[in-house]
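K.L.:
Structure file work-v8.pdb (PDB, C-alpha atoms) is given on the next line.
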ATOM      1  CA  MET A   1     174.237 176.075 118.649
ATOM      2  CA  MET A   2     170.773 176.119 120.157
ATOM      3  CA  ASP A   3     170.331 175.163 123.803
ATOM      4  CA  TYR A   4     167.408 172.772 123.397
ATOM      5  CA  SER A   5     167.508 171.558 127.010
ATOM      6  CA  GLY A   6     167.336 175.163 128.163
ATOM      7  CA  LYS A   7     164.459 175.902 125.786
ATOM      8  CA  TYR A   8     162.434 173.128 127.369
ATOM      9  CA  ASP A   9     163.731 173.756 130.903
ATOM     10  CA  PHE A  10     165.225 170.289 131.327
ATOM     11  CA  ALA A  11     168.284 169.943 133.553
ATOM     12  CA  ILE A  12     169.687 166.429 133.856
ATOM     13  CA  HIS A  13     170.988 165.140 137.173
ATOM     14  CA  THR A  14     172.377 161.615 137.302
ATOM     15  CA  GLU A  15     171.018 161.053 140.800
ATOM     16  CA  ASP A  16     167.494 161.825 139.552
ATOM     17  CA  ILE A  17     167.842 159.193 136.832
ATOM     18  CA  ALA A  18     169.166 156.609 139.273
ATOM     19  CA  ASN A  19     166.420 157.309 141.812
ATOM     20  CA  ALA A  20     163.703 157.139 139.164
ATOM     21  CA  LEU A  21     164.976 153.849 137.753
ATOM     22  CA  ARG A  22     165.119 152.339 141.251
ATOM     23  CA  GLU A  23     161.501 153.389 141.799
ATOM     24  CA  ILE A  24     160.507 151.898 138.440
ATOM     25  CA  ALA A  25     162.350 148.661 139.238
ATOM     26  CA  CYS A  26     160.115 148.208 142.273
ATOM     27  CA  THR A  27     157.064 148.064 139.993
ATOM     28  CA  LEU A  28     158.440 145.374 137.671
ATOM     29  CA  PRO A  29     157.222 142.273 139.578
ATOM     30  CA  SER A  30     153.626 143.472 139.325
ATOM     31  CA  LEU A  31     154.017 144.006 135.573
ATOM     32  CA  GLN A  32     155.262 140.531 134.708
ATOM     33  CA  THR A  33     151.814 139.503 133.530
ATOM     34  CA  PRO A  34     150.320 138.047 130.329
ATOM     35  CA  GLU A  35     148.386 141.262 129.728
ATOM     36  CA  VAL A  36     151.551 143.376 129.758
ATOM     37  CA  TRP A  37     153.416 140.861 127.590
ATOM     38  CA  LYS A  38     150.561 140.958 125.063
ATOM     39  CA  GLN A  39     150.748 144.754 124.974
ATOM     40  CA  CYS A  40     154.494 144.564 124.450
ATOM     41  CA  PHE A  41     154.083 142.001 121.680
ATOM     42  CA  GLY A  42     151.613 144.313 119.963
ATOM     43  CA  ALA A  43     154.184 147.118 120.123
ATOM     44  CA  ILE A  44     156.955 145.203 118.315
ATOM     45  CA  ASP A  45     158.469 146.460 115.089
ATOM     46  CA  LEU A  46     159.412 143.045 113.723
ATOM     47  CA  THR A  47     162.695 143.797 112.031
ATOM     48  CA  THR A  48     165.138 142.195 109.632
ATOM     49  CA  LEU A  49     168.049 144.408 108.590
ATOM     50  CA  ASN A  50     170.805 142.109 107.384
ATOM     51  CA  ALA A  51     172.997 142.200 104.304
ATOM     52  CA  THR A  52     171.822 138.642 103.656
ATOM     53  CA  ASP A  53     168.112 139.536 103.540
ATOM     54  CA  THR A  54     166.335 138.256 100.446
ATOM     55  CA  ALA A  55     162.845 138.728  99.091
ATOM     56  CA  GLU A  56     162.056 135.132 100.013
ATOM     57  CA  LYS A  57     163.221 135.625 103.607
ATOM     58  CA  VAL A  58     161.102 138.758 103.983
ATOM     59  CA  ARG A  59     158.124 137.066 102.337
ATOM     60  CA  THR A  60     158.376 134.172 104.797
ATOM     61  CA  LEU A  61     158.553 136.572 107.755
ATOM     62  CA  THR A  62     155.507 138.456 106.498
ATOM     63  CA  GLU A  63     153.531 135.265 105.945
ATOM     64  CA  ARG A  64     154.231 134.279 109.541
ATOM     65  CA  VAL A  65     152.717 137.593 110.630
ATOM     66  CA  ASN A  66     149.680 136.815 108.453
ATOM     67  CA  ARG A  67     149.236 133.458 110.207
ATOM     68  CA  LEU A  68     149.611 134.759 113.779
ATOM     69  CA  PRO A  69     145.850 134.846 114.515
ATOM     70  CA  GLU A  70     145.382 131.175 113.637
ATOM     71  CA  GLN A  71     148.576 130.092 115.374
ATOM     72  CA  PHE A  72     148.135 132.122 118.585
ATOM     73  CA  ALA A  73     144.491 132.920 119.261
ATOM     74  CA  GLY A  74     143.862 136.068 121.279
ATOM     75  CA  LEU A  75     147.274 137.546 120.578
ATOM     76  CA  PRO A  76     147.542 140.975 118.955
ATOM     77  CA  SER A  77     149.521 141.378 115.753
ATOM     78  CA  VAL A  78     152.930 143.006 115.843
ATOM     79  CA  ALA A  79     152.829 146.746 115.190
ATOM     80  CA  ALA A  80     155.017 146.801 112.077
ATOM     81  CA  ILE A  81     157.393 144.915 109.840
ATOM     82  CA  CYS A  82     160.601 146.889 109.267
ATOM     83  CA  VAL A  83     162.947 146.166 106.341
ATOM     84  CA  TYR A  84     165.413 147.848 104.014
ATOM     85  CA  PRO A  85     163.824 150.058 101.319
ATOM     86  CA  ALA A  86     164.441 147.610  98.469
ATOM     87  CA  LEU A  87     162.313 144.999 100.268
ATOM     88  CA  VAL A  88     159.316 147.201 101.110
ATOM     89  CA  SER A  89     157.429 146.068  98.016
ATOM     90  CA  THR A  90     157.819 142.428  99.082
ATOM     91  CA  VAL A  91     156.124 143.196 102.401
ATOM     92  CA  ARG A  92     153.419 145.228 100.657
ATOM     93  CA  GLU A  93     152.625 142.420  98.237
ATOM     94  CA  THR A  94     152.535 139.738 100.963
ATOM     95  CA  LEU A  95     151.059 141.412 104.040
ATOM     96  CA  ALA A  96     147.393 140.610 104.679
ATOM     97  CA  VAL A  97     146.918 142.165 108.138
ATOM     98  CA  ALA A  98     145.576 145.697 107.810
ATOM     99  CA  SER A  99     146.694 146.823 111.272
ATOM    100  CA  VAL A 100     150.377 146.023 110.680
ATOM    101  CA  GLN A 101     152.401 148.963 109.423
ATOM    102  CA  ILE A 102     155.087 148.637 106.744
ATOM    103  CA  ALA A 103     158.261 150.351 107.907
ATOM    104  CA  ALA A 104     161.567 150.996 106.193
ATOM    105  CA  VAL A 105     164.909 152.275 107.371
ATOM    106  CA  GLY A 106     166.284 155.061 105.221
ATOM    107  CA  ALA A 107     168.485 158.123 104.852
ATOM    108  CA  GLY A 108     171.730 156.194 104.630
ATOM    109  CA  PHE A 109     170.924 153.888 107.524
ATOM    110  CA  PRO A 110     172.725 153.103 109.809
ATOM    111  CA  ALA A 111     175.492 155.742 109.581
ATOM    112  CA  SER A 112     173.544 158.593 107.954
ATOM    113  CA  GLN A 113     176.750 159.541 106.145
ATOM    114  CA  THR A 114     175.546 160.335 102.662
ATOM    115  CA  PHE A 115     174.222 163.316 100.733
ATOM    116  CA  LEU A 116     170.985 164.921 101.893
ATOM    117  CA  SER A 117     169.494 164.604  98.415
ATOM    118  CA  VAL A 118     170.186 160.858  98.512
ATOM    119  CA  LYS A 119     168.611 160.590 101.970
ATOM    120  CA  CYS A 120     165.453 162.375 100.842
ATOM    121  CA  ASP A 121     165.175 160.376  97.619
ATOM    122  CA  GLU A 122     165.659 157.059  99.421
ATOM    123  CA  CYS A 123     162.966 157.870 101.983
ATOM    124  CA  ARG A 124     160.572 159.185  99.321
ATOM    125  CA  LEU A 125     161.056 156.068  97.181
ATOM    126  CA  ALA A 126     160.486 153.808 100.204
ATOM    127  CA  VAL A 127     157.136 155.511 100.784
ATOM    128  CA  GLU A 128     156.246 155.243  97.101
ATOM    129  CA  GLN A 129     156.934 151.502  97.341
ATOM    130  CA  GLY A 130     154.512 151.187 100.262
ATOM    131  CA  ALA A 131     156.304 152.215 103.464
ATOM    132  CA  MET A 132     153.954 153.809 105.963
ATOM    133  CA  GLU A 133     156.774 154.582 108.380
ATOM    134  CA  VAL A 134     160.425 155.522 107.879
ATOM    135  CA  ASP A 135     163.166 155.138 110.494
ATOM    136  CA  VAL A 136     166.131 157.463 109.921
ATOM    137  CA  VAL A 137     169.260 158.275 111.886
ATOM    138  CA  LEU A 138     169.998 161.764 113.164
ATOM    139  CA  SER A 139     173.003 163.212 111.332
ATOM    140  CA  LEU A 140     175.468 162.555 114.126
ATOM    141  CA  GLY A 141     178.293 164.065 112.085
ATOM    142  CA  ALA A 142     176.564 167.440 112.119
ATOM    143  CA  PHE A 143     175.174 167.057 115.640
ATOM    144  CA  LEU A 144     178.476 166.122 117.300
ATOM    145  CA  ALA A 145     180.217 168.936 115.441
ATOM    146  CA  GLY A 146     177.767 171.320 117.102
ATOM    147  CA  ASP A 147     175.925 172.139 113.884
ATOM    148  CA  TYR A 148     172.465 171.584 115.289
ATOM    149  CA  ALA A 149     170.896 173.705 112.543
ATOM    150  CA  ALA A 150     172.182 171.338 109.849
ATOM    151  CA  ALA A 151     171.024 168.272 111.772
ATOM    152  CA  ALA A 152     167.561 169.756 112.218
ATOM    153  CA  TYR A 153     167.372 170.883 108.579
ATOM    154  CA  GLU A 154     168.010 167.311 107.381
ATOM    155  CA  ILE A 155     165.113 165.995 109.473
ATOM    156  CA  MET A 156     162.821 168.742 108.182
ATOM    157  CA  GLN A 157     163.749 167.940 104.579
ATOM    158  CA  ILE A 158     163.149 164.214 105.090
ATOM    159  CA  ARG A 159     159.873 165.045 106.834
ATOM    160  CA  GLN A 160     158.797 166.958 103.730
ATOM    161  CA  ALA A 161     159.978 164.190 101.395
ATOM    162  CA  ILE A 162     157.869 161.455 103.013
ATOM    163  CA  GLY A 163     154.627 163.406 103.275
ATOM    164  CA  LYS A 164     152.138 161.869 105.686
ATOM    165  CA  ALA A 165     154.221 158.774 106.473
ATOM    166  CA  ARG A 166     155.312 158.404 110.089
ATOM    167  CA  LEU A 167     158.877 159.592 110.754
ATOM    168  CA  LYS A 168     160.959 157.903 113.450
ATOM    169  CA  VAL A 169     164.298 159.567 114.213
ATOM    170  CA  ILE A 170     167.054 157.432 115.724
ATOM    171  CA  LEU A 171     169.359 159.305 118.099
ATOM    172  CA  GLU A 172     172.031 156.589 118.486
ATOM    173  CA  THR A 173     172.125 157.335 122.201
ATOM    174  CA  GLY A 174     175.144 155.112 122.889
ATOM    175  CA  ALA A 175     177.298 157.751 121.194
ATOM    176  CA  LEU A 176     175.868 160.628 123.242
ATOM    177  CA  SER A 177     176.171 162.050 126.749
ATOM    178  CA  PRO A 178     172.986 162.454 128.814
ATOM    179  CA  THR A 179     172.744 166.161 127.938
ATOM    180  CA  GLN A 180     173.356 165.397 124.263
ATOM    181  CA  ILE A 181     170.586 162.779 124.347
ATOM    182  CA  ALA A 182     168.167 165.422 125.609
ATOM    183  CA  ASP A 183     169.304 168.001 123.053
ATOM    184  CA  ALA A 184     169.016 165.431 120.237
ATOM    185  CA  ALA A 185     165.531 164.409 121.397
ATOM    186  CA  PHE A 186     164.225 167.980 121.502
ATOM    187  CA  LEU A 187     165.927 168.796 118.178
ATOM    188  CA  ALA A 188     164.318 165.820 116.461
ATOM    189  CA  MET A 189     160.873 166.584 117.846
ATOM    190  CA  ASP A 190     161.156 170.277 116.957
ATOM    191  CA  ALA A 191     162.118 169.275 113.406
ATOM    192  CA  GLY A 192     159.042 167.081 112.941
ATOM    193  CA  ALA A 193     159.775 163.593 114.263
ATOM    194  CA  ASP A 194     156.680 161.537 115.059
ATOM    195  CA  PHE A 195     158.783 159.118 117.133
ATOM    196  CA  ILE A 196     162.194 159.290 118.721
ATOM    197  CA  LYS A 197     164.151 156.057 118.876
ATOM    198  CA  THR A 198     167.210 155.121 120.899
ATOM    199  CA  SER A 199     169.446 153.156 118.557
ATOM    200  CA  THR A 200     170.089 151.440 115.258
ATOM    201  CA  GLY A 201     171.182 148.250 116.992
ATOM    202  CA  LYS A 202     174.398 148.486 114.979
ATOM    203  CA  THR A 203     176.476 150.180 117.685
ATOM    204  CA  ASP A 204     177.290 149.415 121.316
ATOM    205  CA  PRO A 205     175.818 150.360 123.712
ATOM    206  CA  ALA A 206     172.363 150.354 122.177
ATOM    207  CA  ALA A 207     169.190 151.003 124.205
ATOM    208  CA  THR A 208     169.668 151.659 127.913
ATOM    209  CA  PRO A 209     167.140 152.437 130.659
ATOM    210  CA  GLU A 210     168.982 155.694 131.359
ATOM    211  CA  ALA A 211     168.566 156.886 127.776
ATOM    212  CA  ALA A 212     164.924 155.780 127.798
ATOM    213  CA  TRP A 213     164.216 157.781 130.939
ATOM    214  CA  ILE A 214     165.810 160.912 129.472
ATOM    215  CA  MET A 215     163.971 160.566 126.170
ATOM    216  CA  THR A 216     160.574 159.983 127.757
ATOM    217  CA  GLN A 217     161.108 162.994 130.022
ATOM    218  CA  CYS A 218     161.861 165.045 126.904
ATOM    219  CA  ILE A 219     158.678 163.775 125.259
ATOM    220  CA  ARG A 220     156.687 164.732 128.368
ATOM    221  CA  ARG A 221     158.116 168.248 128.391
ATOM    222  CA  PHE A 222     157.678 168.652 124.637
ATOM    223  CA  TYR A 223     154.026 167.631 124.922
ATOM    224  CA  ALA A 224     153.443 170.045 127.807
ATOM    225  CA  GLU A 225     154.940 172.874 125.747
ATOM    226  CA  THR A 226     153.493 172.129 122.303
ATOM    227  CA  GLY A 227     150.483 169.839 122.804
ATOM    228  CA  ARG A 228     151.938 167.380 120.260
ATOM    229  CA  LYS A 229     152.355 163.747 121.293
ATOM    230  CA  VAL A 230     155.563 162.112 120.086
ATOM    231  CA  GLY A 231     156.122 158.372 120.340
ATOM    232  CA  PHE A 232     159.032 156.505 121.894
ATOM    233  CA  LYS A 233     160.850 153.475 120.515
ATOM    234  CA  PRO A 234     163.676 151.744 122.374
ATOM    235  CA  ALA A 235     165.678 149.485 120.064
ATOM    236  CA  GLY A 236     168.922 147.572 120.054
ATOM    237  CA  GLY A 237     169.839 144.789 122.442
ATOM    238  CA  ILE A 238     166.240 144.365 123.646
ATOM    239  CA  VAL A 239     165.706 140.626 123.715
ATOM    240  CA  SER A 240     163.874 139.194 126.721
ATOM    241  CA  SER A 241     160.400 139.556 128.200
ATOM    242  CA  ASP A 242     162.089 141.252 131.150
ATOM    243  CA  ASP A 243     163.592 143.832 128.771
ATOM    244  CA  ALA A 244     160.174 144.485 127.261
ATOM    245  CA  THR A 245     158.599 144.909 130.685
ATOM    246  CA  LEU A 246     161.315 147.323 131.799
ATOM    247  CA  TYR A 247     160.810 149.708 128.884
ATOM    248  CA  TYR A 248     157.035 149.366 129.197
ATOM    249  CA  ALA A 249     157.407 150.366 132.867
ATOM    250  CA  ILE A 250     159.554 153.407 132.047
ATOM    251  CA  VAL A 251     156.993 154.686 129.535
ATOM    252  CA  ARG A 252     154.133 154.014 131.959
ATOM    253  CA  HIS A 253     155.937 155.770 134.821
ATOM    254  CA  VAL A 254     156.959 158.896 132.885
ATOM    255  CA  LEU A 255     154.248 159.293 130.243
ATOM    256  CA  GLY A 256     151.304 157.293 131.546
ATOM    257  CA  ASP A 257     149.049 154.604 130.149
ATOM    258  CA  GLU A 258     147.881 156.770 127.230
ATOM    259  CA  TRP A 259     151.326 156.318 125.648
ATOM    260  CA  LEU A 260     151.173 152.505 125.855
ATOM    261  CA  THR A 261     149.600 151.968 122.435
ATOM    262  CA  PRO A 262     151.338 151.136 119.141
ATOM    263  CA  ALA A 263     150.605 154.685 117.995
ATOM    264  CA  LEU A 264     153.032 156.027 120.610
ATOM    265  CA  PHE A 265     155.107 153.088 121.892
ATOM    266  CA  ARG A 266     157.159 150.642 119.876
ATOM    267  CA  LEU A 267     159.803 148.082 120.673
ATOM    268  CA  GLY A 268     162.500 147.631 118.066
ATOM    269  CA  ALA A 269     163.128 143.922 118.391
ATOM    270  CA  SER A 270     163.166 140.673 116.491
ATOM    271  CA  ARG A 271     164.375 138.021 118.935
ATOM    272  CA  MET A 272     162.038 139.446 121.567
ATOM    273  CA  ALA A 273     158.993 138.252 119.611
ATOM    274  CA  ASN A 274     159.792 134.584 120.199
ATOM    275  CA  ASN A 275     160.683 135.231 123.836
ATOM    276  CA  LEU A 276     157.403 137.029 124.532
ATOM    277  CA  LEU A 277     155.535 134.200 122.827
ATOM    278  CA  GLY A 278     157.426 131.769 125.056
ATOM    279  CA  SER A 279     156.495 133.694 128.187
ATOM    280  CA  LEU A 280     152.841 133.720 127.146
ATOM    281  CA  MET A 281     152.738 130.046 126.153
ATOM    282  CA  GLY A 282     154.920 128.797 129.026
ATOM    283  CA  LYS A 283     157.354 127.023 126.707
ATOM    284  CA  THR A 284     160.095 127.726 124.207
ATOM    285  CA  ILE A 285     158.700 129.145 120.952
ATOM    286  CA  MET A 286     160.678 129.525 117.720
ATOM    287  CA  TYR A 287     157.972 130.914 115.452
ATOM    288  CA  PHE A 288     159.888 133.797 113.874
TER     289      PHE A 288
END
How would this structure read if it were set down as structure tokens?
P.N.:
Amino acid sequence: MMDYSGKYDFAIHTEDIANALREIACTLPSLQTPEVWKQCFGAIDLTTLNATDTAEKVRTLTERVNRLPEQFAGLPSVAAICVYPALVSTVRETLAVASVQIAAVGAGFPASQTFLSVKCDECRLAVEQGAMEVDVVLSLGAFLAGDYAAAAYEIMQIRQAIGKARLKVILETGALSPTQIADAAFLAMDAGADFIKTSTGKTDPAATPEAAWIMTQCIRRFYAETGRKVGFKPAGGIVSSDDATLYYAIVRHVLGDEWLTPALFRLGASRMANNLLGSLMGKTIMYF
């Protein structure tokens, strides 16, 4: 079992995390601004991942994204629309905003408990249907059993299967210790992840500030070692404008302003979109 934290010289101390998050908390009042909320809105992966999703529901969601400029002047578009693979073609056929990415979950989402060949085929087919990004879950079965090589191999195979599409690897941090979060983050990045993501939103706990701090520190160290920038996506249980601002602040504190673009920072949220719109408009908004 490879010692990824040792490879990247990252020792985790709980007091360091607590101190850093207290320091970040002090900056939050100054970040509760329309400009920050707009940036956060532009980083949203607008997501619907329900068993009850239909083509009509996804079409309606996509059409609302198309109409955002006329409904809310001066507001950026969301970064992506994320759906199950079978609904990617519906988004592709409906979406009229060139800047919005089409994303799909894949590889046996959310449990990642299926055959590697099935995972690769599902992700490849999603890209063939129009997905520009694929969100997959780290093989926790292999990872928690200590078989880091198998977990890394799966990511590398999926990376190969999807070609130039963006690969986001979900660590499911609520199931991991702080040291395991760091090892999983470095493993995923080493194996070719373009983004690392906290959670599927299907388990509890989902995203936490502690996990976000660890993951962004790993990204910073990985970049210093390799020169490759990897994005960060907190997801799961992120609902309010305050939540958005907190994760924005963590990324800004650890990685700097250059990471605060949709190319490197995403927010996995659906309910948050309406809440950010409400904060910007000064009233309750139920657009999505």
K.L.:
Given the choices A:Thr198, A:Thr208, A:Thr60, A:Gln129, which gets closest to Ser89 of chain A if the distance is worked out from all atoms listed in the file?
P.N.:
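Of all the options, A:Gln129 lies closest to Ser89 of chain A.
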K.L.:
Would you pick out the contacts of Gln180 of chain A at 12 Å or less, using all atoms listed in the file, so that residues sharing its chain but fewer than 4 positions from it are not included, and give the list as a count of residues only?
P.N.:
28
K.L.:
I would like the residues chosen by the PyMOL selection byres ((chain A and resi 150-154) around 10) on the shown file; could you give them as a PDB file with C-alpha atoms, keeping the file's coordinate frame?
P.N.:
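Listing of selection_4.pdb after writing:
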ATOM      1  CA  ALA A 107     168.485 158.123 104.852  1.00  0.00           C
ATOM      2  CA  PHE A 115     174.222 163.316 100.733  1.00  0.00           C
ATOM      3  CA  LEU A 116     170.985 164.921 101.893  1.00  0.00           C
ATOM      4  CA  SER A 117     169.494 164.604  98.415  1.00  0.00           C
ATOM      5  CA  LYS A 119     168.611 160.590 101.970  1.00  0.00           C
ATOM      6  CA  CYS A 120     165.453 162.375 100.842  1.00  0.00           C
ATOM      7  CA  LEU A 138     169.998 161.764 113.164  1.00  0.00           C
ATOM      8  CA  SER A 139     173.003 163.212 111.332  1.00  0.00           C
ATOM      9  CA  LEU A 140     175.468 162.555 114.126  1.00  0.00           C
ATOM     10  CA  GLY A 141     178.293 164.065 112.085  1.00  0.00           C
ATOM     11  CA  ALA A 142     176.564 167.440 112.119  1.00  0.00           C
ATOM     12  CA  PHE A 143     175.174 167.057 115.640  1.00  0.00           C
ATOM     13  CA  LEU A 144     178.476 166.122 117.300  1.00  0.00           C
ATOM     14  CA  ALA A 145     180.217 168.936 115.441  1.00  0.00           C
ATOM     15  CA  GLY A 146     177.767 171.320 117.102  1.00  0.00           C
ATOM     16  CA  ASP A 147     175.925 172.139 113.884  1.00  0.00           C
ATOM     17  CA  TYR A 148     172.465 171.584 115.289  1.00  0.00           C
ATOM     18  CA  ALA A 149     170.896 173.705 112.543  1.00  0.00           C
ATOM     19  CA  ILE A 155     165.113 165.995 109.473  1.00  0.00           C
ATOM     20  CA  MET A 156     162.821 168.742 108.182  1.00  0.00           C
ATOM     21  CA  GLN A 157     163.749 167.940 104.579  1.00  0.00           C
ATOM     22  CA  ILE A 158     163.149 164.214 105.090  1.00  0.00           C
ATOM     23  CA  ARG A 159     159.873 165.045 106.834  1.00  0.00           C
ATOM     24  CA  GLN A 160     158.797 166.958 103.730  1.00  0.00           C
ATOM     25  CA  ALA A 184     169.016 165.431 120.237  1.00  0.00           C
ATOM     26  CA  LEU A 187     165.927 168.796 118.178  1.00  0.00           C
ATOM     27  CA  ALA A 188     164.318 165.820 116.461  1.00  0.00           C
ATOM     28  CA  MET A 189     160.873 166.584 117.846  1.00  0.00           C
ATOM     29  CA  ASP A 190     161.156 170.277 116.957  1.00  0.00           C
ATOM     30  CA  ALA A 191     162.118 169.275 113.406  1.00  0.00           C
ATOM     31  CA  GLY A 192     159.042 167.081 112.941  1.00  0.00           C
TER      32      GLY A 192
END
K.L.:
Using only C-alpha atoms for the distances, tell me which of A:Gln71, A:Thr179, A:Asn19, A:Thr245 is nearest to Leu260 of chain A.
P.N.:
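Of A:Gln71, A:Thr179, A:Asn19, A:Thr245, the one nearest Leu260 of chain A, counting only C-alpha atoms, is A:Thr245.
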K.L.:
List the residues matched by the PyMOL selection byres ((chain A and resi 255) around 12) in the displayed structure as a ChimeraX atom specification, ordered by chain and then by residue number.
P.N.:
/A:212-224,229-232,247-254,256-261,264-265
K.L.:
Write to file, as a compact mmCIF listing (two decimals), in the coordinates of the input, the residues of the selection just made, with C-alpha atoms.
P.N.:
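Output below, filename out.txt:
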# COMPACT_ATOMS: atom_id res chain seq x y z
CA ALA A 212 164.92 155.78 127.80
CA TRP A 213 164.22 157.78 130.94
CA ILE A 214 165.81 160.91 129.47
CA MET A 215 163.97 160.57 126.17
CA THR A 216 160.57 159.98 127.76
CA GLN A 217 161.11 162.99 130.02
CA CYS A 218 161.86 165.04 126.90
CA ILE A 219 158.68 163.78 125.26
CA ARG A 220 156.69 164.73 128.37
CA ARG A 221 158.12 168.25 128.39
CA PHE A 222 157.68 168.65 124.64
CA TYR A 223 154.03 167.63 124.92
CA ALA A 224 153.44 170.04 127.81
CA LYS A 229 152.35 163.75 121.29
CA VAL A 230 155.56 162.11 120.09
CA GLY A 231 156.12 158.37 120.34
CA PHE A 232 159.03 156.50 121.89
CA TYR A 247 160.81 149.71 128.88
CA TYR A 248 157.04 149.37 129.20
CA ALA A 249 157.41 150.37 132.87
CA ILE A 250 159.55 153.41 132.05
CA VAL A 251 156.99 154.69 129.54
CA ARG A 252 154.13 154.01 131.96
CA HIS A 253 155.94 155.77 134.82
CA VAL A 254 156.96 158.90 132.88
CA GLY A 256 151.30 157.29 131.55
CA ASP A 257 149.05 154.60 130.15
CA GLU A 258 147.88 156.77 127.23
CA TRP A 259 151.33 156.32 125.65
CA LEU A 260 151.17 152.50 125.86
CA THR A 261 149.60 151.97 122.44
CA LEU A 264 153.03 156.03 120.61
CA PHE A 265 155.11 153.09 121.89
